There are 2 protein chains.
Amino acid sequence: MAVITNRLTRTLNIRHPIISAPMAFAAGGALAAAVSAAGGLGLIGGGYGDSTWLDEQFDVAAGQRVGVGFITWSLRKSPSLLTDVLRRKPVAVMLSFGDPRPFVAEIRNAGALVICQCQTIDHVWDAIDVGADIIVAQNAEAGGHGALRGALSFVPEAADLLAAHAPDALLVAAGGIADGRGLAAALMLGAEGVLVGTRLWASAEALVHRRHHEAIVEASGDETIRTTIVDIARQIPWPRGFTARVRRNAFTARWHGREDLLEQSAAVEGPRYRQAFAEGDPDNAAVWFGEAAGLIGAIEPASDIIEKMATEAAGRLAAHAGATLA
Amino acid sequence: MAVITNRLTRTLNIRHPIISAPMAFAAGGALAAAVSAAGGLGLIGGGYGDSTWLDEQFDVAAGQRVGVGFITWSLRKSPSLLTDVLRRKPVAVMLSFGDPRPFVAEIRNAGALVICQCQTIDHVWDAIDVGADIIVAQNAEAGGHGALRGALSFVPEAADLLAAHAPDALLVAAGGIADGRGLAAALMLGAEGVLVGTRLWASAEALVHRRHHEAIVEASGDETIRTTIVDIARQIPWPRGFTARVRRNAFTARWHGREDLLEQSAAVEGPRYRQAFAEGDPDNAAVWFGEAAGLIGAIEPASDIIEKMATEAAGRLAAHAGATLA
């Protein structure tokens with residue numbers, strides 16, 4: 001059977017050029033371990049920083065080589081989280097959404113690879129500047145937090161920058177990749193692998209409420225929206241320029257476009273939101289998936305998802321080389 | 001030399017699976033003819049409907065097989081434009097931004113192919129419903145008018161719909177495609193070709209002011225924005241759901257986010273905008289390019305652009321099949 005091997009698979013010592021996104025709350029040790037066991041690299045979601053939870057998740061993943069990801073601006077408020085986590089010997093630490101500079105030396109000194117997730121060309125310059133080992137170009141169609149660049153132009157533009165200024169850095173594409181077609185396309189664009197969120201959020205191992213899983217199976221890719229209302233309701237101070245892509249539902253219909261009013265009502269709406277989320281209510285809290293929802297028809301084990309994605313991508317590359325070139 | 005051949009190249013009787021976008025004002029007969037002469041299919045931009053201009057452009061393109069594209073909601077106000085244009089025997093007529101139903105029978109009866117450009121899955125269903133020959137999935141990174149879907153999930157989701165419900169229809173990807181990497185990626189995602197706007201806007205044959213061409217050569221892909229302010233200033237009543245991606249400049253900095261005020265000031269700002277555009281002022285009028293700007297380093301003849309795109313895509317597909325599969 002055909003297998004895709006390249007600099008990324010060799011650097012990470014993995015079978016398939018697939019990394020799981022460190023999705024806050026959803027990407028625990030079980031998902032990360034399952035992805036690594038299937039031949040990819042699993043990342044535990046450091047989220048907003050709960051050291052007890054992180055410890056538990058590393059325990060769950062024990063026996064597998066996994067990494068971890070942080071929300072950079074949030075990590076800055078409790079940097080000891082990084083120090084603690086590095087004791088668990090993660091393969092790699094991913095930094096997203098903020099200046100990576102304060103953390104890179106510590107990660108490197110602990111022997112972990114530095115992954116910087118970027119949403120703009122300016123971010124790519126920052127990642128080059130700190131000497132990131134792996135640079136993730138995250139596209140707007142991604143679920144959860146992100147920004148506005150589109151894959152077909154952003155990934156090759158980032159690839160051109162790396163070729164000129166950081167040829168040893170490895171480029172990975174993220175956002176909207178749910179099957180082998182997305183992986184094969186990412187390789188054509190100049191990436192050497194993919195970071196997968198939504199498709200693995202919709203896996204058996206993700207820490208996601210059953211009713212939220214039911215919602216993604218039903219949704220088309222049109223049924224999501226990028227918005228700031230989730231963070232306003234939760235009173236989480238995300239920096240300007242980042243929004244969260246979530247399912248369109250009663251909550252987004254009520255508040256998107258009425259951000260000022262929500263801000264004023266946060267004392268009431270915040271607890272209401274958190275209760276709805278805790279109960280798995282798919283209508284009155286954010287359901288965290290991206291446009292790849294339209295490609296997902298079932299909740300499956302992570303191992304099946306990884307294996308199918310890798311096999312389909314290899315097959316597609318091989319078939320097109322023969323069938324479409326005359 | 002490797003060449004990509006598939007159902008699209010056979011149906012359109014072209015050498016390369018590349019169609020030029022019928023960009024209003026910019027895509028005249030010279031560009032369309034150059035694209036067709038280079039082995040693609042050139043489309044003249046019907047824009048908001050100026051029958052004298054359209055006649056002139058078909059004269060300019062005489063001797064080449066070309067097509068034409070219309071803004072569907074605008075065409076509805078002057079449907080005789082379509083009747084006139086069909087006398088010039090276009091290979092294909094593309095309908096974008098609105099319900100295609102009123103026009104499909106007339107296009108078909110004249111012997112032209114029907115191309116429907118789609119921005120959402122709902123639009124794809126409409127295109128399937130009217131029996132479109134070619135369906136274009138336009139991604140958010142495209143320059144000019146469009147909507148919000150991302151390529152890596154939208155193109156395969158549309159491909160799945162066509163496979164299930166309209167297997168004879170041909171899928172083409174648009175938005176953000178400026179070189180062979182984008183074409184190769186589109187094929188991996190399930191499209192059989194690409195529609196190219198921004199990269200051909202930046203061609204010698206496009207009807208674009210020299211100072212606007214200078215602006216795209218300098219821009220990174222981060223330097224564009226989707227907005228409604230251009231249409232508010234010009235008092236063109238675009239339907240909800242569509243925005244225009246243009247270069248970020250003094251005009252967008254002044255008005256984006258202040259749409260209500262601009263609307264109130266349109267009697268003054270409209271003429272000011274139109275004068276700035278006519279003068280080629282790149283700061284006080286819209287400069288119509290998409291995120292692919294970051295991949296464009298020079299204004300080149302359309303024939304060079306088409307030839308390079310096709311050659312690079314074929315080479316990339318062939319190389320990856322060998323180099324990355326073990």
# chains A, B, ... in the order shown; residues from 1 in each chain; ligands from 1

call {"tool": "residues_around", "arguments": {"residues": "Ala38 of chain A", "least_positions_apart": "5", "cutoff": "7 Å", "atoms": "only C-alpha atoms", "output": "list in words"}}
result
Ser303, Ile306 and Glu307 of chain A

call {"tool": "select_by_dssp", "arguments": {"residues": "segment 128-174 of chain A", "states": "strand (DSSP E or B)", "output": "PDB file with N, CA, C and O atoms, in the first residue's frame"}}
result
ATOM      1  N   ILE A 134       8.325  23.792  12.905  1.00  0.00           N
ATOM      2  CA  ILE A 134       7.152  23.515  12.071  1.00  0.00           C
ATOM      3  C   ILE A 134       6.254  24.743  12.100  1.00  0.00           C
ATOM      4  O   ILE A 134       6.005  25.319  13.164  1.00  0.00           O
ATOM      5  N   ILE A 135       5.802  25.152  10.927  1.00  0.00           N
ATOM      6  CA  ILE A 135       4.924  26.313  10.814  1.00  0.00           C
ATOM      7  C   ILE A 135       3.601  25.844  10.230  1.00  0.00           C
ATOM      8  O   ILE A 135       3.565  25.204   9.174  1.00  0.00           O
ATOM      9  N   VAL A 136       2.528  26.125  10.958  1.00  0.00           N
ATOM     10  CA  VAL A 136       1.191  25.720  10.511  1.00  0.00           C
ATOM     11  C   VAL A 136       0.494  26.933   9.912  1.00  0.00           C
ATOM     12  O   VAL A 136       0.354  27.956  10.576  1.00  0.00           O
ATOM     13  N   ALA A 137       0.079  26.828   8.663  1.00  0.00           N
ATOM     14  CA  ALA A 137      -0.708  27.886   8.016  1.00  0.00           C
ATOM     15  C   ALA A 137      -2.178  27.516   8.185  1.00  0.00           C
ATOM     16  O   ALA A 137      -2.669  26.576   7.565  1.00  0.00           O
ATOM     17  N   GLN A 138      -2.857  28.255   9.073  1.00  0.00           N
ATOM     18  CA  GLN A 138      -4.255  27.924   9.393  1.00  0.00           C
ATOM     19  C   GLN A 138      -5.208  28.794   8.580  1.00  0.00           C
ATOM     20  O   GLN A 138      -5.141  30.017   8.611  1.00  0.00           O
ATOM     21  N   GLY A 144     -13.298  26.664  15.413  1.00  0.00           N
ATOM     22  CA  GLY A 144     -12.656  27.290  16.554  1.00  0.00           C
ATOM     23  C   GLY A 144     -11.947  28.570  16.171  1.00  0.00           C
ATOM     24  O   GLY A 144     -12.256  29.185  15.145  1.00  0.00           O
ATOM     25  N   HIS A 145     -10.972  28.963  16.999  1.00  0.00           N
ATOM     26  CA  HIS A 145     -10.338  30.256  16.767  1.00  0.00           C
ATOM     27  C   HIS A 145      -9.436  30.265  15.553  1.00  0.00           C
ATOM     28  O   HIS A 145      -8.797  29.272  15.227  1.00  0.00           O
ATOM     29  N   GLY A 146      -9.386  31.407  14.907  1.00  0.00           N
ATOM     30  CA  GLY A 146      -8.579  31.574  13.717  1.00  0.00           C
ATOM     31  C   GLY A 146      -8.811  32.948  13.141  1.00  0.00           C
ATOM     32  O   GLY A 146      -9.314  33.847  13.819  1.00  0.00           O
ATOM     33  N   LEU A 170       9.422  23.275   8.397  1.00  0.00           N
ATOM     34  CA  LEU A 170       8.435  22.425   7.716  1.00  0.00           C
ATOM     35  C   LEU A 170       7.078  23.108   7.753  1.00  0.00           C
ATOM     36  O   LEU A 170       6.656  23.609   8.797  1.00  0.00           O
ATOM     37  N   LEU A 171       6.391  23.089   6.621  1.00  0.00           N
ATOM     38  CA  LEU A 171       5.094  23.753   6.526  1.00  0.00           C
ATOM     39  C   LEU A 171       3.963  22.725   6.587  1.00  0.00           C
ATOM     40  O   LEU A 171       4.002  21.696   5.911  1.00  0.00           O
ATOM     41  N   VAL A 172       2.963  23.053   7.392  1.00  0.00           N
ATOM     42  CA  VAL A 172       1.783  22.198   7.566  1.00  0.00           C
ATOM     43  C   VAL A 172       0.551  23.071   7.334  1.00  0.00           C
ATOM     44  O   VAL A 172       0.524  24.227   7.745  1.00  0.00           O
ATOM     45  N   ALA A 173      -0.454  22.540   6.664  1.00  0.00           N
ATOM     46  CA  ALA A 173      -1.689  23.288   6.413  1.00  0.00           C
ATOM     47  C   ALA A 173      -2.776  22.853   7.388  1.00  0.00           C
ATOM     48  O   ALA A 173      -2.874  21.672   7.729  1.00  0.00           O
ATOM     49  N   ALA A 174      -3.599  23.804   7.810  1.00  0.00           N
ATOM     50  CA  ALA A 174      -4.697  23.502   8.723  1.00  0.00           C
ATOM     51  C   ALA A 174      -5.950  24.235   8.287  1.00  0.00           C
ATOM     52  O   ALA A 174      -5.877  25.308   7.692  1.00  0.00           O
TER      53      ALA A 174
END

call {"tool": "interface_residues", "arguments": {"of": "chain A", "to": "chain B", "cutoff": "7 Å", "atoms": "only C-alpha atoms", "output": "number ranges by chain"}}
result
A: 2-6, 120-121, 140-141, 149-153, 157, 176-177, 181-182, 184-186, 188-189, 222, 291-292, 294-295, 314, 316-318, 320-321, 324-326

call {"tool": "write_last_selection", "arguments": {"atoms": "N, CA and C atoms", "output": "compact mmCIF listing (two decimals), in the first residue's frame"}}
result
# COMPACT_ATOMS: atom_id res chain seq x y z
N ALA A 2 0.46 2.23 -0.79
CA ALA A 2 1.22 3.48 -0.90
C ALA A 2 1.17 4.27 0.40
N VAL A 3 2.27 4.84 0.77
CA VAL A 3 2.37 5.66 1.98
C VAL A 3 3.10 6.94 1.62
N ILE A 4 2.66 8.06 2.18
CA ILE A 4 3.32 9.34 1.92
C ILE A 4 4.44 9.53 2.94
N THR A 5 5.65 9.65 2.46
CA THR A 5 6.76 9.94 3.36
C THR A 5 7.47 11.20 2.88
N ASN A 6 7.86 12.01 3.83
CA ASN A 6 8.55 13.25 3.46
C ASN A 6 9.33 13.77 4.68
N THR A 120 -1.68 34.65 9.48
CA THR A 120 -1.38 35.69 8.49
C THR A 120 0.10 35.57 8.10
N ILE A 121 0.45 36.27 7.03
CA ILE A 121 1.86 36.29 6.61
C ILE A 121 2.72 36.96 7.67
N ALA A 140 -9.05 30.09 7.06
CA ALA A 140 -10.27 30.63 7.67
C ALA A 140 -11.37 29.61 7.86
N GLU A 141 -11.37 28.53 7.07
CA GLU A 141 -12.46 27.57 7.18
C GLU A 141 -12.35 26.70 8.43
N ARG A 149 -7.43 34.14 6.33
CA ARG A 149 -6.80 33.79 5.05
C ARG A 149 -7.38 32.50 4.46
N GLY A 150 -7.35 32.43 3.11
CA GLY A 150 -7.84 31.26 2.40
C GLY A 150 -6.71 30.34 1.99
N ALA A 151 -6.97 29.04 1.99
CA ALA A 151 -5.93 28.03 1.84
C ALA A 151 -5.18 28.11 0.52
N LEU A 152 -5.89 28.27 -0.59
CA LEU A 152 -5.23 28.10 -1.89
C LEU A 152 -4.17 29.16 -2.15
N SER A 153 -4.31 30.32 -1.51
CA SER A 153 -3.27 31.33 -1.68
C SER A 153 -2.36 31.44 -0.46
N GLU A 157 1.82 30.91 -0.43
CA GLU A 157 2.53 32.15 -0.08
C GLU A 157 3.46 31.89 1.11
N GLY A 176 -10.18 23.01 7.37
CA GLY A 176 -11.00 22.48 6.29
C GLY A 176 -10.55 21.13 5.76
N ILE A 177 -9.58 20.51 6.40
CA ILE A 177 -9.03 19.24 5.89
C ILE A 177 -9.66 18.07 6.64
N ARG A 181 -8.52 14.00 0.23
CA ARG A 181 -8.48 15.05 -0.78
C ARG A 181 -7.82 16.30 -0.22
N GLY A 182 -8.17 16.66 1.01
CA GLY A 182 -7.56 17.83 1.63
C GLY A 182 -6.07 17.64 1.87
N ALA A 184 -4.03 15.62 0.16
CA ALA A 184 -3.34 15.65 -1.14
C ALA A 184 -3.25 17.08 -1.65
N ALA A 185 -4.31 17.86 -1.48
CA ALA A 185 -4.29 19.26 -1.93
C ALA A 185 -3.24 20.05 -1.16
N ALA A 186 -3.14 19.82 0.15
CA ALA A 186 -2.16 20.54 0.97
C ALA A 186 -0.74 20.26 0.47
N MET A 188 0.09 19.49 -2.61
CA MET A 188 0.26 20.20 -3.88
C MET A 188 0.55 21.68 -3.64
N LEU A 189 -0.03 22.23 -2.58
CA LEU A 189 0.14 23.66 -2.30
C LEU A 189 1.51 23.99 -1.71
N ASP A 222 -21.97 24.94 4.97
CA ASP A 222 -22.49 26.32 4.98
C ASP A 222 -22.92 26.76 6.38
N GLU A 291 -15.89 24.40 8.67
CA GLU A 291 -16.60 24.14 7.42
C GLU A 291 -16.44 22.70 6.93
N ALA A 292 -15.46 21.98 7.46
CA ALA A 292 -15.29 20.58 7.07
C ALA A 292 -16.47 19.72 7.51
N GLY A 294 -19.28 19.59 6.42
CA GLY A 294 -20.00 19.07 5.25
C GLY A 294 -19.38 17.81 4.66
N LEU A 295 -18.21 17.45 5.13
CA LEU A 295 -17.53 16.25 4.62
C LEU A 295 -17.62 15.09 5.62
N ALA A 314 -2.74 9.21 -0.70
CA ALA A 314 -1.71 8.52 -1.49
C ALA A 314 -2.32 7.98 -2.79
N ARG A 316 -4.93 9.07 -4.39
CA ARG A 316 -5.31 10.17 -5.28
C ARG A 316 -4.11 10.74 -6.01
N LEU A 317 -3.02 10.90 -5.28
CA LEU A 317 -1.80 11.40 -5.91
C LEU A 317 -1.32 10.43 -6.98
N ALA A 318 -1.35 9.16 -6.66
CA ALA A 318 -0.87 8.15 -7.61
C ALA A 318 -1.78 8.11 -8.84
N HIS A 320 -3.86 10.41 -10.09
CA HIS A 320 -3.85 11.60 -10.94
C HIS A 320 -2.59 11.66 -11.78
N ALA A 321 -1.49 11.19 -11.22
CA ALA A 321 -0.25 11.23 -11.99
C ALA A 321 -0.42 10.42 -13.27
N THR A 324 -4.45 11.72 -15.46
CA THR A 324 -4.75 13.03 -16.03
C THR A 324 -3.59 13.60 -16.83
N LEU A 325 -2.49 12.92 -16.85
CA LEU A 325 -1.36 13.45 -17.60
C LEU A 325 -1.19 12.63 -18.87
N ALA A 326 -1.19 13.30 -19.98
CA ALA A 326 -1.07 12.58 -21.25
C ALA A 326 0.16 13.08 -22.01

call {"tool": "residues_around", "arguments": {"residues": "Trp201 of chain B", "least_positions_apart": "5", "cutoff": "12 Å", "atoms": "only C-alpha atoms", "output": "PDB file with C-alpha atoms, in the first residue's frame"}}
result
ATOM      1  CA  SER B  20     -10.542  33.032 -17.113  1.00  0.00           C
ATOM      2  CA  ALA B  21     -12.966  34.804 -14.789  1.00  0.00           C
ATOM      3  CA  PRO B  22     -15.338  37.253 -16.517  1.00  0.00           C
ATOM      4  CA  MET B  23     -14.180  40.151 -14.355  1.00  0.00           C
ATOM      5  CA  ALA B  24     -16.353  43.233 -14.828  1.00  0.00           C
ATOM      6  CA  PHE B  25     -14.436  46.018 -16.648  1.00  0.00           C
ATOM      7  CA  ALA B  26     -11.088  44.135 -16.558  1.00  0.00           C
ATOM      8  CA  ALA B  27     -11.874  41.063 -18.665  1.00  0.00           C
ATOM      9  CA  GLY B  28     -12.353  42.435 -22.161  1.00  0.00           C
ATOM     10  CA  ALA B  30      -8.155  41.012 -25.511  1.00  0.00           C
ATOM     11  CA  LEU B  31      -7.781  39.009 -22.299  1.00  0.00           C
ATOM     12  CA  ALA B  32     -10.417  36.443 -23.265  1.00  0.00           C
ATOM     13  CA  VAL B  35      -6.483  32.994 -22.691  1.00  0.00           C
ATOM     14  CA  GLY B  45     -16.903  40.102 -18.393  1.00  0.00           C
ATOM     15  CA  ALA B 142     -11.293  35.305  -4.540  1.00  0.00           C
ATOM     16  CA  GLY B 143     -10.977  38.932  -5.556  1.00  0.00           C
ATOM     17  CA  GLY B 144     -14.100  40.909  -6.336  1.00  0.00           C
ATOM     18  CA  ALA B 178      -2.560  31.862  -9.188  1.00  0.00           C
ATOM     19  CA  VAL B 196      -8.702  32.248 -12.597  1.00  0.00           C
ATOM     20  CA  ALA B 206      -6.423  42.989 -18.637  1.00  0.00           C
ATOM     21  CA  LEU B 207      -8.142  46.382 -18.748  1.00  0.00           C
ATOM     22  CA  VAL B 208      -6.575  47.561 -15.507  1.00  0.00           C
ATOM     23  CA  HIS B 209      -4.908  50.869 -14.705  1.00  0.00           C
ATOM     24  CA  ARG B 210      -1.130  50.780 -14.506  1.00  0.00           C
ATOM     25  CA  HIS B 212      -3.518  49.296  -9.892  1.00  0.00           C
ATOM     26  CA  HIS B 213      -1.173  46.785 -11.485  1.00  0.00           C
ATOM     27  CA  GLU B 214       1.705  48.284  -9.526  1.00  0.00           C
ATOM     28  CA  ALA B 215      -0.317  47.871  -6.317  1.00  0.00           C
ATOM     29  CA  ILE B 216      -0.844  44.131  -6.769  1.00  0.00           C
ATOM     30  CA  VAL B 217       2.806  43.454  -7.458  1.00  0.00           C
ATOM     31  CA  VAL B 287      -8.432  47.939  -6.369  1.00  0.00           C
ATOM     32  CA  TRP B 288     -10.017  44.666  -7.388  1.00  0.00           C
ATOM     33  CA  PHE B 289      -7.783  41.789  -6.427  1.00  0.00           C
ATOM     34  CA  GLY B 290      -7.922  38.785  -4.125  1.00  0.00           C
ATOM     35  CA  ALA B 292      -3.643  35.498  -4.571  1.00  0.00           C
ATOM     36  CA  ALA B 293      -1.891  38.892  -4.741  1.00  0.00           C
ATOM     37  CA  ILE B 296       2.101  37.559  -7.975  1.00  0.00           C
ATOM     38  CA  ALA B 298       4.987  40.709 -12.083  1.00  0.00           C
ATOM     39  CA  ILE B 299       2.439  41.693 -14.725  1.00  0.00           C
ATOM     40  CA  GLU B 300       2.860  39.127 -17.473  1.00  0.00           C
ATOM     41  CA  PRO B 301       1.194  38.201 -20.768  1.00  0.00           C
ATOM     42  CA  ALA B 302      -1.801  35.899 -20.250  1.00  0.00           C
ATOM     43  CA  ILE B 305       0.544  32.758 -17.098  1.00  0.00           C
TER      44      ILE B 305
END

call {"tool": "residues_around", "arguments": {"residues": "segment 71-82 of chain A", "least_positions_apart": "6", "cutoff": "7 Å", "atoms": "only C-alpha atoms", "output": "number ranges by chain"}}
result
A: 47-49, 51, 95-100

call {"tool": "write_last_selection", "arguments": {"atoms": "C-alpha atoms", "output": "tab-separated table (two decimals), in the first residue's frame"}}
result
chain	number	residue	atom	x	y	z
A	47	GLY	CA	-6.54	25.41	26.24
A	48	TYR	CA	-6.83	28.17	28.81
A	49	GLY	CA	-4.63	26.34	31.27
A	51	SER	CA	-2.76	22.07	35.21
A	95	LEU	CA	1.98	27.88	20.13
A	96	SER	CA	-1.03	29.61	18.54
A	97	PHE	CA	-2.52	33.07	18.74
A	98	GLY	CA	0.12	35.40	20.06
A	99	ASP	CA	3.81	36.21	20.17
A	100	PRO	CA	5.81	32.95	20.50

call {"tool": "decode", "arguments": {"residues": "segment 294-314 of chain B", "atoms": "N, CA, C and O atoms", "output": "short mmCIF file (atom, residue, chain, number, x, y, z; two decimals), in the first residue's frame"}}
result
data_model
loop_
_atom_site.label_atom_id
_atom_site.label_comp_id
_atom_site.auth_asym_id
_atom_site.auth_seq_id
_atom_site.Cartn_x
_atom_site.Cartn_y
_atom_site.Cartn_z
N GLY B 294 -0.47 37.78 -3.11
CA GLY B 294 0.81 37.42 -2.49
C GLY B 294 1.63 36.45 -3.32
O GLY B 294 2.79 36.19 -3.00
N LEU B 295 1.04 35.90 -4.36
CA LEU B 295 1.76 34.95 -5.23
C LEU B 295 2.17 35.60 -6.54
O LEU B 295 2.70 34.93 -7.42
N ILE B 296 1.91 36.89 -6.69
CA ILE B 296 2.10 37.56 -7.97
C ILE B 296 3.22 38.60 -7.87
O ILE B 296 3.13 39.53 -7.07
N GLY B 297 4.26 38.40 -8.66
CA GLY B 297 5.41 39.29 -8.59
C GLY B 297 5.63 40.13 -9.83
O GLY B 297 6.55 40.95 -9.87
N ALA B 298 4.80 39.95 -10.84
CA ALA B 298 4.99 40.71 -12.08
C ALA B 298 3.71 40.66 -12.91
O ALA B 298 2.92 39.72 -12.80
N ILE B 299 3.52 41.69 -13.73
CA ILE B 299 2.44 41.69 -14.72
C ILE B 299 2.97 40.99 -15.97
O ILE B 299 4.00 41.43 -16.52
N GLU B 300 2.33 39.93 -16.38
CA GLU B 300 2.86 39.13 -17.47
C GLU B 300 1.80 38.92 -18.56
O GLU B 300 0.60 39.09 -18.29
N PRO B 301 2.19 38.53 -19.74
CA PRO B 301 1.19 38.20 -20.77
C PRO B 301 0.36 36.99 -20.32
O PRO B 301 0.89 36.07 -19.68
N ALA B 302 -0.92 37.00 -20.65
CA ALA B 302 -1.80 35.90 -20.25
C ALA B 302 -1.28 34.56 -20.75
O ALA B 302 -1.40 33.54 -20.05
N SER B 303 -0.69 34.55 -21.93
CA SER B 303 -0.21 33.27 -22.47
C SER B 303 0.87 32.67 -21.57
O SER B 303 0.90 31.46 -21.34
N ASP B 304 1.77 33.51 -21.05
CA ASP B 304 2.81 33.00 -20.14
C ASP B 304 2.19 32.45 -18.86
O ASP B 304 2.62 31.42 -18.33
N ILE B 305 1.19 33.17 -18.35
CA ILE B 305 0.54 32.76 -17.10
C ILE B 305 -0.12 31.39 -17.26
O ILE B 305 0.06 30.49 -16.43
N ILE B 306 -0.87 31.22 -18.35
CA ILE B 306 -1.58 29.96 -18.59
C ILE B 306 -0.59 28.82 -18.79
O ILE B 306 -0.72 27.73 -18.21
N GLU B 307 0.40 29.06 -19.59
CA GLU B 307 1.37 28.01 -19.92
C GLU B 307 2.13 27.56 -18.66
O GLU B 307 2.27 26.37 -18.40
N LYS B 308 2.57 28.53 -17.86
CA LYS B 308 3.31 28.19 -16.64
C LYS B 308 2.43 27.43 -15.65
O LYS B 308 2.87 26.48 -15.01
N MET B 309 1.18 27.91 -15.49
CA MET B 309 0.26 27.26 -14.55
C MET B 309 0.04 25.80 -14.93
O MET B 309 0.10 24.90 -14.08
N ALA B 310 -0.21 25.56 -16.20
CA ALA B 310 -0.49 24.20 -16.66
C ALA B 310 0.75 23.31 -16.51
O ALA B 310 0.67 22.17 -16.04
N THR B 311 1.90 23.83 -16.87
CA THR B 311 3.13 23.04 -16.82
C THR B 311 3.52 22.74 -15.38
O THR B 311 3.89 21.61 -15.04
N GLU B 312 3.39 23.76 -14.52
CA GLU B 312 3.77 23.55 -13.12
C GLU B 312 2.83 22.54 -12.45
O GLU B 312 3.28 21.69 -11.67
N ALA B 313 1.54 22.61 -12.76
CA ALA B 313 0.59 21.67 -12.15
C ALA B 313 0.89 20.25 -12.58
O ALA B 313 0.94 19.32 -11.76
N ALA B 314 1.10 20.07 -13.86
CA ALA B 314 1.38 18.71 -14.37
C ALA B 314 2.67 18.18 -13.76
O ALA B 314 2.75 17.02 -13.34
#
